[in-house]
file start.txt (compact mmCIF, C-alpha atoms)
# COMPACT_ATOMS: atom_id res chain seq x y z
CA MET A 28 -28.82 72.21 162.92
CA LYS A 29 -30.66 74.51 160.63
CA LEU A 30 -32.77 77.26 162.20
CA TRP A 31 -34.66 79.58 159.87
CA ASN A 32 -34.39 83.28 160.59
CA THR A 33 -37.68 84.63 159.27
CA GLN A 34 -36.44 88.25 159.27
CA LYS A 35 -33.05 87.80 157.62
CA LYS A 36 -34.39 84.94 155.46
CA ILE A 37 -31.33 82.80 156.12
CA PHE A 38 -30.52 79.55 157.86
CA GLU A 39 -28.63 79.94 161.13
CA GLU A 40 -26.81 77.35 163.15
CA GLY A 41 -28.53 76.13 166.26
CA ILE A 42 -27.16 74.08 169.14
CA ILE A 43 -28.94 71.64 171.44
CA ASP A 44 -27.52 70.94 174.91
CA LEU A 45 -28.66 69.50 178.20
CA VAL A 46 -30.26 72.07 180.50
CA SER A 47 -27.98 72.98 183.41
CA LYS A 48 -28.89 73.88 187.02
CA GLU A 49 -28.32 77.56 186.20
CA ASP A 50 -30.60 77.27 183.18
CA TYR A 51 -33.51 76.10 185.35
CA LEU A 52 -33.24 79.33 187.35
CA LYS A 53 -33.04 81.37 184.17
CA ILE A 54 -36.08 79.61 182.69
CA LYS A 55 -38.09 80.16 185.87
CA LYS A 56 -37.37 83.89 185.83
CA SER A 57 -37.87 84.23 182.06
CA SER A 58 -41.13 85.50 180.64
CA GLN A 59 -40.45 83.41 177.52
CA PHE A 60 -41.55 80.09 179.03
CA GLN A 61 -44.84 79.27 180.75
CA PHE A 62 -44.55 75.64 181.85
CA ASN A 63 -43.05 74.54 185.12
CA TRP A 64 -39.75 73.13 183.82
CA SER A 65 -38.30 72.56 187.29
CA LYS A 66 -40.64 69.58 187.59
CA GLU A 67 -38.84 67.95 184.65
CA LYS A 68 -35.46 67.73 186.40
CA ASP A 69 -35.62 63.93 186.64
CA ASN A 70 -36.02 63.68 182.86
CA LEU A 71 -33.60 64.44 180.04
CA VAL A 72 -34.22 68.12 179.39
CA PHE A 73 -32.60 69.83 176.41
CA LYS A 74 -32.48 73.47 175.34
CA ILE A 75 -32.00 74.89 171.87
CA TYR A 76 -30.18 78.16 171.21
CA LYS A 77 -28.38 79.97 168.42
CA LYS A 78 -24.64 79.45 168.10
CA ASN A 79 -22.74 82.18 169.99
CA GLU A 80 -25.91 83.35 171.76
CA GLU A 81 -27.19 82.42 175.20
CA ASP A 82 -30.95 82.92 174.90
CA ILE A 83 -32.89 79.69 175.16
CA LEU A 84 -35.30 79.42 172.24
CA GLY A 85 -37.00 76.15 173.05
CA LEU A 86 -37.07 73.25 175.49
CA ILE A 87 -37.91 69.57 175.36
CA SER A 88 -38.25 67.04 178.17
CA LEU A 89 -37.66 63.39 177.35
CA ILE A 90 -38.14 60.14 179.23
CA ASP A 91 -35.79 57.30 178.38
CA PHE A 92 -37.30 53.81 178.49
CA PRO A 93 -34.19 51.60 177.98
CA ARG A 94 -36.07 48.34 178.52
CA GLU A 95 -38.60 49.29 175.86
CA LEU A 96 -35.88 50.72 173.59
CA ARG A 97 -37.69 54.01 173.15
CA ILE A 98 -37.69 57.67 174.12
CA GLU A 99 -40.91 59.46 174.99
CA ILE A 100 -41.44 63.18 174.49
CA HIS A 101 -42.93 64.43 177.75
CA LEU A 102 -43.01 68.20 177.36
CA LEU A 103 -42.13 70.72 174.66
CA GLU A 104 -42.24 74.48 174.60
CA ILE A 105 -41.00 77.15 172.22
CA SER A 106 -40.14 80.61 173.55
CA LYS A 107 -42.85 83.28 173.35
CA ASN A 108 -40.91 85.43 170.83
CA ASN A 109 -40.81 82.58 168.37
CA ILE A 110 -44.51 81.75 168.21
CA GLY A 111 -47.04 83.04 165.71
CA LYS A 112 -46.85 85.39 162.77
CA ASN A 113 -44.09 87.57 164.23
CA LYS A 114 -41.75 84.77 165.22
CA ILE A 115 -38.07 85.43 164.60
CA ILE A 116 -36.76 81.87 164.46
CA ASP A 117 -38.61 79.00 162.83
CA ARG A 118 -38.08 75.20 162.85
CA LEU A 119 -37.28 75.08 166.58
CA ALA A 120 -39.76 72.32 167.45
CA GLY A 121 -38.68 70.30 164.39
CA CYS A 122 -35.04 70.50 165.47
CA LEU A 123 -35.88 69.38 169.02
CA ILE A 124 -37.95 66.44 167.74
CA ALA A 125 -35.25 65.45 165.22
CA TYR A 126 -32.64 65.64 167.98
CA THR A 127 -34.74 63.18 169.99
CA CYS A 128 -34.73 60.83 166.98
CA ASN A 129 -30.94 61.20 166.75
CA LEU A 130 -30.63 60.29 170.42
CA ALA A 131 -32.89 57.28 169.86
CA PHE A 132 -30.54 56.04 167.12
CA GLU A 133 -27.45 56.63 169.25
CA LYS A 134 -29.00 54.56 172.02
CA ASP A 135 -29.70 51.74 169.57
CA TYR A 136 -33.50 52.15 169.78
CA ASP A 137 -34.03 52.11 165.98
CA GLY A 138 -34.69 55.85 166.22
CA PHE A 139 -37.94 55.06 168.06
CA VAL A 140 -39.57 58.15 169.58
CA SER A 141 -43.12 58.25 170.90
CA LEU A 142 -45.56 60.60 172.53
CA ILE A 143 -49.08 60.26 173.85
CA SER A 144 -51.53 61.24 171.18
CA LYS A 145 -53.81 64.24 171.62
CA THR A 146 -56.46 65.47 169.20
CA GLU A 147 -54.72 68.86 168.89
CA ILE A 148 -51.40 67.48 167.66
CA VAL A 149 -52.28 64.39 165.60
CA LYS A 150 -52.64 66.18 162.24
CA LEU A 151 -49.42 68.17 162.63
CA TYR A 152 -47.26 65.29 163.85
CA LYS A 153 -48.56 63.00 161.12
CA GLU A 154 -48.36 65.47 158.25
CA LYS A 155 -45.37 67.61 159.18
CA TYR A 156 -43.20 65.11 161.05
CA GLY A 157 -44.40 61.83 159.48
CA PHE A 158 -45.33 60.21 162.81
CA GLN A 159 -47.60 57.16 162.77
CA GLU A 160 -50.62 56.85 165.03
CA LYS A 161 -51.55 53.67 166.84
CA GLY A 162 -54.03 53.54 169.69
CA ASN A 163 -53.22 56.28 172.11
CA HIS A 164 -49.75 56.97 170.73
CA LEU A 165 -47.84 58.71 167.99
CA PHE A 166 -44.43 57.38 167.05
CA SER A 167 -41.54 57.64 164.61
CA GLN A 168 -38.78 55.15 163.88
CA LEU A 169 -36.18 54.07 161.29
CA HIS A 170 -36.61 55.83 157.91
CA ASN A 171 -38.93 58.54 159.19
CA SER A 172 -36.64 59.37 162.12
CA ASP A 173 -33.64 59.46 159.80
CA SER A 174 -35.53 61.78 157.41
CA LEU A 175 -36.32 64.14 160.27
CA ILE A 176 -32.63 64.22 161.26
CA ASN A 177 -31.61 64.96 157.68
CA GLU A 178 -34.27 67.63 157.33
CA TYR A 179 -33.65 69.47 160.59
CA LEU A 180 -30.20 68.65 161.95
CA LEU A 181 -27.72 68.13 159.17
CA LEU A 182 -26.29 71.29 157.68
CA MET B 770 -48.25 77.52 190.99
CA LYS B 771 -50.40 76.34 188.07
CA ASN B 772 -49.78 72.85 186.74
CA ASN B 773 -48.69 72.36 183.15
CA GLN B 774 -52.09 71.09 182.04
CA LYS B 775 -53.76 74.25 183.30
CA ILE B 776 -51.11 76.41 181.62
CA TYR B 777 -51.67 74.47 178.41
CA ASN B 778 -55.43 75.15 178.58
CA ASP B 779 -54.69 78.87 179.01
CA LEU B 780 -52.32 78.79 176.03
CA LYS B 781 -55.10 77.24 173.94
CA LYS B 782 -57.19 80.36 174.60
CA LYS B 783 -54.32 82.66 173.64
CA TYR B 784 -53.04 80.97 170.48
CA SER B 785 -54.63 79.34 167.42
CA LYS B 786 -54.95 75.53 167.32
CA LYS B 787 -52.09 75.34 164.80
CA GLU B 788 -49.82 77.54 166.90
CA VAL B 789 -50.49 75.45 169.99
CA ALA B 790 -49.74 72.19 168.18
CA GLU B 791 -46.58 73.61 166.62
CA ASN B 792 -45.10 75.10 169.76
CA PHE B 793 -46.33 73.23 172.81
CA TYR B 794 -46.77 69.66 173.92
CA VAL B 795 -48.11 68.43 177.23
CA PRO B 796 -49.22 64.82 177.67
CA LYS B 797 -52.93 64.13 178.00
CA LYS B 798 -54.23 64.15 181.56
CA MET B 799 -54.89 60.53 182.56
CA THR B 800 -56.09 58.61 185.59
CA PRO B 801 -53.63 56.08 187.09
CA LYS B 802 -55.62 53.31 185.38
CA GLU B 803 -55.45 55.05 182.00
CA LYS B 804 -51.72 55.68 182.50
CA LYS B 805 -51.14 51.97 183.13
CA GLN B 806 -53.16 51.03 180.04
CA SER B 807 -51.29 53.58 177.95
CA ALA B 808 -47.90 52.25 179.12
CA GLU B 809 -48.95 48.69 178.28
CA GLU B 810 -50.22 49.78 174.90
CA ILE B 811 -46.99 51.48 173.78
CA TRP B 812 -44.92 48.53 175.02
CA ASP B 813 -47.13 46.23 172.93
CA ILE B 814 -46.69 48.47 169.88
CA ARG B 815 -42.91 48.57 170.41
CA LYS B 816 -42.66 44.78 170.91
CA LYS B 817 -44.60 44.10 167.70
CA LEU B 818 -42.44 46.51 165.72
CA LEU B 819 -39.25 44.95 167.12
CA GLN B 820 -40.47 41.48 166.22
CA GLY B 821 -41.36 42.68 162.74
CA LEU B 822 -37.92 44.09 161.93
CA SER B 823 -36.42 42.38 158.88
CA PRO B 824 -32.68 41.52 158.76
CA GLU B 825 -32.31 44.51 156.37
CA ASP B 826 -34.07 46.80 158.87
CA LYS B 827 -31.69 45.62 161.58
CA ILE B 828 -28.65 46.42 159.43
CA TYR B 829 -30.13 49.79 158.47
CA SER B 830 -30.84 50.61 162.11
CA GLY B 831 -27.37 49.42 163.18
CA LEU B 832 -25.66 51.55 160.55
CA LEU B 833 -27.65 54.62 161.56
CA LYS B 834 -26.76 53.98 165.20
CA LEU B 835 -23.09 53.88 164.23
CA LYS B 836 -23.42 56.95 162.01
CA TYR B 837 -24.94 59.09 164.75
CA GLN B 838 -22.58 57.77 167.42
CA ILE B 839 -19.61 58.72 165.22
CA LYS B 840 -21.20 62.11 164.49
CA SER B 841 -21.73 62.79 168.17
CA TYR B 842 -18.08 61.95 168.86
CA ILE B 843 -16.58 64.00 166.02
CA ASP B 844 -18.77 66.99 166.95
CA ASN B 845 -17.36 66.82 170.48
CA SER B 846 -13.99 68.51 170.95
CA LEU B 847 -12.84 66.07 173.64
CA HIS B 848 -10.82 62.98 172.90
CA ASP B 849 -12.07 59.64 174.23
CA GLU B 850 -9.67 56.69 174.52
CA SER B 851 -12.54 54.24 174.09
CA LYS B 852 -13.40 55.64 170.65
CA SER B 853 -11.30 55.24 167.54
CA VAL B 854 -11.49 54.27 163.87
CA ALA B 855 -10.59 50.70 164.88
CA ILE B 856 -13.37 50.47 167.47
CA TYR B 857 -16.01 51.87 165.12
CA LEU B 858 -14.80 49.66 162.30
CA LYS B 859 -15.11 46.59 164.55
CA GLU B 860 -18.64 47.70 165.40
CA TYR B 861 -19.33 48.13 161.67
CA MET B 862 -18.26 44.53 161.09
CA THR B 863 -20.46 43.31 163.97
CA ILE B 864 -23.51 45.12 162.54
CA LEU B 865 -22.93 43.55 159.13
CA ASN B 866 -21.91 40.22 160.64
CA LYS B 867 -18.74 40.26 158.55
CA LYS B 868 -15.39 38.73 159.38
CA GLN B 869 -12.10 40.50 158.59
CA LYS B 870 -11.66 38.28 155.55
CA ASP B 871 -15.12 39.19 154.19
CA LEU B 872 -14.70 42.93 154.71
CA SER B 873 -11.17 43.05 153.25
CA ASN B 874 -12.55 41.19 150.25
CA ASP B 875 -15.53 43.58 149.89
CA LEU B 876 -13.24 46.62 150.11
CA ASP B 877 -10.52 45.08 147.98
CA ILE B 878 -7.75 45.61 150.52
CA HIS B 879 -5.29 43.05 151.84
CA LYS B 880 -6.54 41.32 154.99
CA THR B 881 -3.24 42.13 156.72
CA ARG B 882 -3.86 45.82 156.11
CA LEU B 883 -7.34 45.59 157.58
CA SER B 884 -5.92 43.71 160.54
CA ARG B 885 -3.32 46.47 161.08
CA ILE B 886 -6.07 49.12 160.95
CA LEU B 887 -8.19 47.17 163.43
CA ASN B 888 -5.19 46.96 165.75
CA ASN B 889 -4.43 50.69 165.56
CA ARG B 890 -1.15 50.06 163.72
CA GLU B 891 -2.16 51.76 160.49
CA ARG B 892 -4.49 54.64 159.61
CA ILE B 893 -7.21 54.39 157.01
CA SER B 894 -6.55 56.27 153.78
CA LEU B 895 -8.92 58.69 152.09
CA GLN B 896 -9.54 56.04 149.42
CA LEU B 897 -10.58 53.57 152.08
CA ALA B 898 -12.91 56.16 153.64
CA TYR B 899 -14.60 56.50 150.24
CA ARG B 900 -14.85 52.72 149.93
CA LEU B 901 -16.42 52.48 153.40
CA GLU B 902 -18.97 55.14 152.48
CA ILE B 903 -19.95 53.20 149.37
CA HIS B 904 -19.92 49.89 151.27
CA SER B 905 -22.36 51.28 153.87
CA GLY B 906 -24.79 52.19 151.09
CA ASP B 907 -23.84 55.88 151.57
CA ILE B 908 -25.21 55.79 155.13
CA ILE B 909 -21.89 56.54 156.84
CA PRO B 910 -20.20 59.38 154.90
CA ALA B 911 -16.47 59.19 154.10
CA ILE B 912 -16.02 62.51 155.90
CA PHE B 913 -17.05 60.86 159.20
CA TRP B 914 -14.24 58.28 158.91
CA TRP B 915 -11.85 61.02 157.87
CA LYS B 916 -12.78 63.24 160.82
CA LEU B 917 -12.15 60.29 163.14
CA VAL B 918 -8.64 60.01 161.64
CA GLN B 919 -8.16 63.75 162.11
CA LYS B 920 -9.14 63.43 165.77
CA GLU B 921 -6.54 60.72 166.25
CA ILE B 922 -3.87 62.84 164.54
CA GLU B 923 -4.81 65.83 166.69
CA LYS B 924 -4.31 63.77 169.82
CA GLU B 925 -0.97 62.51 168.55
CA ILE B 926 0.23 66.05 167.78
CA LYS B 927 -0.71 67.13 171.29
CA GLU B 928 0.98 64.22 173.04
CA ASP B 929 3.80 62.84 170.91
CA LYS B 930 6.93 64.39 172.45
CA LYS B 931 9.20 61.64 171.15
CA GLU B 932 8.49 62.27 167.46
CA ARG B 933 8.74 66.03 167.96
CA LYS B 934 12.18 65.61 169.57
CA LYS B 935 13.31 63.37 166.72
CA GLU B 936 12.18 65.87 164.06
CA LYS B 937 13.78 68.76 165.92
CA LYS B 938 17.19 67.23 165.26
CA ILE B 939 16.53 67.28 161.52
CA VAL B 940 15.31 70.87 161.07
CA LYS B 941 17.98 73.45 160.14
CA ASN B 942 17.81 77.24 160.36
CA ILE B 943 14.94 77.76 162.79
CA ALA B 944 13.14 81.00 161.82
CA TYR B 945 12.57 82.22 165.38
CA PRO B 946 14.32 80.12 168.02
CA SER B 947 12.18 79.75 171.13
CA ARG B 948 13.90 80.79 174.35
call {"tool": "encode", "arguments": {"input": "start.txt", "output": "structure tokens"}}
result
Amino acid sequence: MKLWNTQKKIFEEGIIDLVSKEDYLKIKKSSQFQFNWSKEKDNLVFKIYKKNEEDILGLISLIDFPRELRIEIHLLEISKNNIGKNKIIDRLAGCLIAYTCNLAFEKDYDGFVSLISKTEIVKLYKEKYGFQEKGNHLFSQLHNSDSLINEYLLL
Amino acid sequence: MKNNQKIYNDLKKKYSKKEVAENFYVPKKMTPKEKKQSAEEIWDIRKKLLQGLSPEDKIYSGLLKLKYQIKSYIDNSLHDESKSVAIYLKEYMTILNKKQKDLSNDLDIHKTRLSRILNNRERISLQLAYRLEIHSGDIIPAIFWWKLVQKEIEKEIKEDKKERKKEKKIVKNIAYPSR
């Protein structure tokens, strides 16, 4: 996947993996993450990091709803060093969201990913990620999910 | 320890609205009743969208499923007996609802050849990988089929002692004889 190094002005390869038991301890001790990620252990929790480096740059917690053929984003957080004007790596959230879409295709869910809508995120998710809004929810599927994968994951 | 909602509210004081939206997501705090309503609502949305899928949408979705399943497998260094060109090709035919005769006709290959490929008795050629890419409407790239073939060859090289023994008899003048 393509991470943007804002200092070197180059794309760098990122990797997304499931969070391990050891990672939870590391995250808890780290000053880079604020949320209580240990509470997410029952969900599918993924980390993003740069190839050949160990530092976790972002996390996403997902809930699989196999009967409803969808995945719901439950929690997302980008590491402190990569937020704001001085961030080193950009596109982390986009890669994590696109990875969720990829997973939703692999599971034969038509790439359907949803999250509960909040005033703060509606504009960004609609404009930047092409999500649709219906009732209390934002969602992406089919063409939009595939576009996100092409934009963020495929080198 | 603070709950995530409280942490989120603190983050909203620290960062701009845009920064918060870009870097954090915590679901809205809801009462059990609201949670139930929300769950029913998304299931309704999903059901309607599923019912509204056209036959073309279903094929498109099926091909993307196959594409990303193949990608996930070729990106993984491990070999899995349950995954092969033949298995993915059978799945491809199921998605398109095509019989061997139809697909061999579409790809302009003899049906016996397709049958041999589907029974793991012949490998697909590079030309056939290109034809499959075109046939899928460029959704499944030829390189994916080719990497699947490479994975199968890799496994064979690692495990095929019989062929190695046979070839050893043919080679003359070994550069550095192993002890």
call {"tool": "residues_near_point", "arguments": {"input": "start.txt", "point": "(-45.2, 47.6, 177.5)", "cutoff": "12 Å", "atoms": "all atoms listed in the file", "output": "PyMOL selection string"}}
result
(chain A and resi 92-97) or (chain B and resi 804-817)
call {"tool": "interface_residues", "arguments": {"input": "start.txt", "of": "chain B", "to": "chain A", "cutoff": "9 Å", "atoms": "all atoms listed in the file", "output": "MDAnalysis selection string"}}
result
chainID B and resid 770:774 776:777 780 784:797 807 810:812 814:816 819 826:827 829:831 833:838 841
call {"tool": "residues_near_point", "arguments": {"input": "start.txt", "point": "(-13.1, 47.4, 164.8)", "cutoff": "6 Å", "atoms": "only C-alpha atoms", "output": "short mmCIF file (atom, residue, chain, number, x, y, z; two decimals) with C-alpha atoms, in the frame of the given file"}}
result
data_model
loop_
_atom_site.label_atom_id
_atom_site.label_comp_id
_atom_site.auth_asym_id
_atom_site.auth_seq_id
_atom_site.Cartn_x
_atom_site.Cartn_y
_atom_site.Cartn_z
CA ALA B 855 -10.59 50.70 164.88
CA ILE B 856 -13.37 50.47 167.47
CA TYR B 857 -16.01 51.87 165.12
CA LEU B 858 -14.80 49.66 162.30
CA LYS B 859 -15.11 46.59 164.55
CA GLU B 860 -18.64 47.70 165.40
CA LEU B 887 -8.19 47.17 163.43
#
call {"tool": "atom_distance", "arguments": {"input": "start.txt", "atom1": "CA of Ile42 in chain A", "atom2": "CA of Ile83 in chain A"}}
result
10.0 Å
call {"tool": "residues_around", "arguments": {"input": "start.txt", "residues": "Val854 in chain B", "least_positions_apart": "6", "cutoff": "7 Å", "atoms": "all atoms listed in the file", "output": "list in words"}}
result
Trp914, Leu917 and Val918 of chain B
call {"tool": "residues_around", "arguments": {"input": "start.txt", "residues": "Ile908 in chain B", "least_positions_apart": "2", "cutoff": "7 Å", "atoms": "only C-alpha atoms", "output": "VMD selection string"}}
result
chain B and resid 832 to 833 902 905 to 906 910
call {"tool": "atom_distance", "arguments": {"input": "start.txt", "atom1": "CA of Tyr126 in chain A", "atom2": "CA of Leu180 in chain A"}}
result
7.2 Å
call {"tool": "atom_distance", "arguments": {"input": "start.txt", "atom1": "CA of Lys68 in chain A", "atom2": "CA of Asp44 in chain A"}}
result
14.3 Å
call {"tool": "residues_around", "arguments": {"input": "start.txt", "residues": "Asn171 in chain A", "least_positions_apart": "6", "cutoff": "10 Å", "atoms": "only C-alpha atoms", "output": "list in words"}}
result
Ala125, Cys128, Gly138, Phe139, Tyr156, Gly157, Phe158, Gln159 and Asn177 of chain A
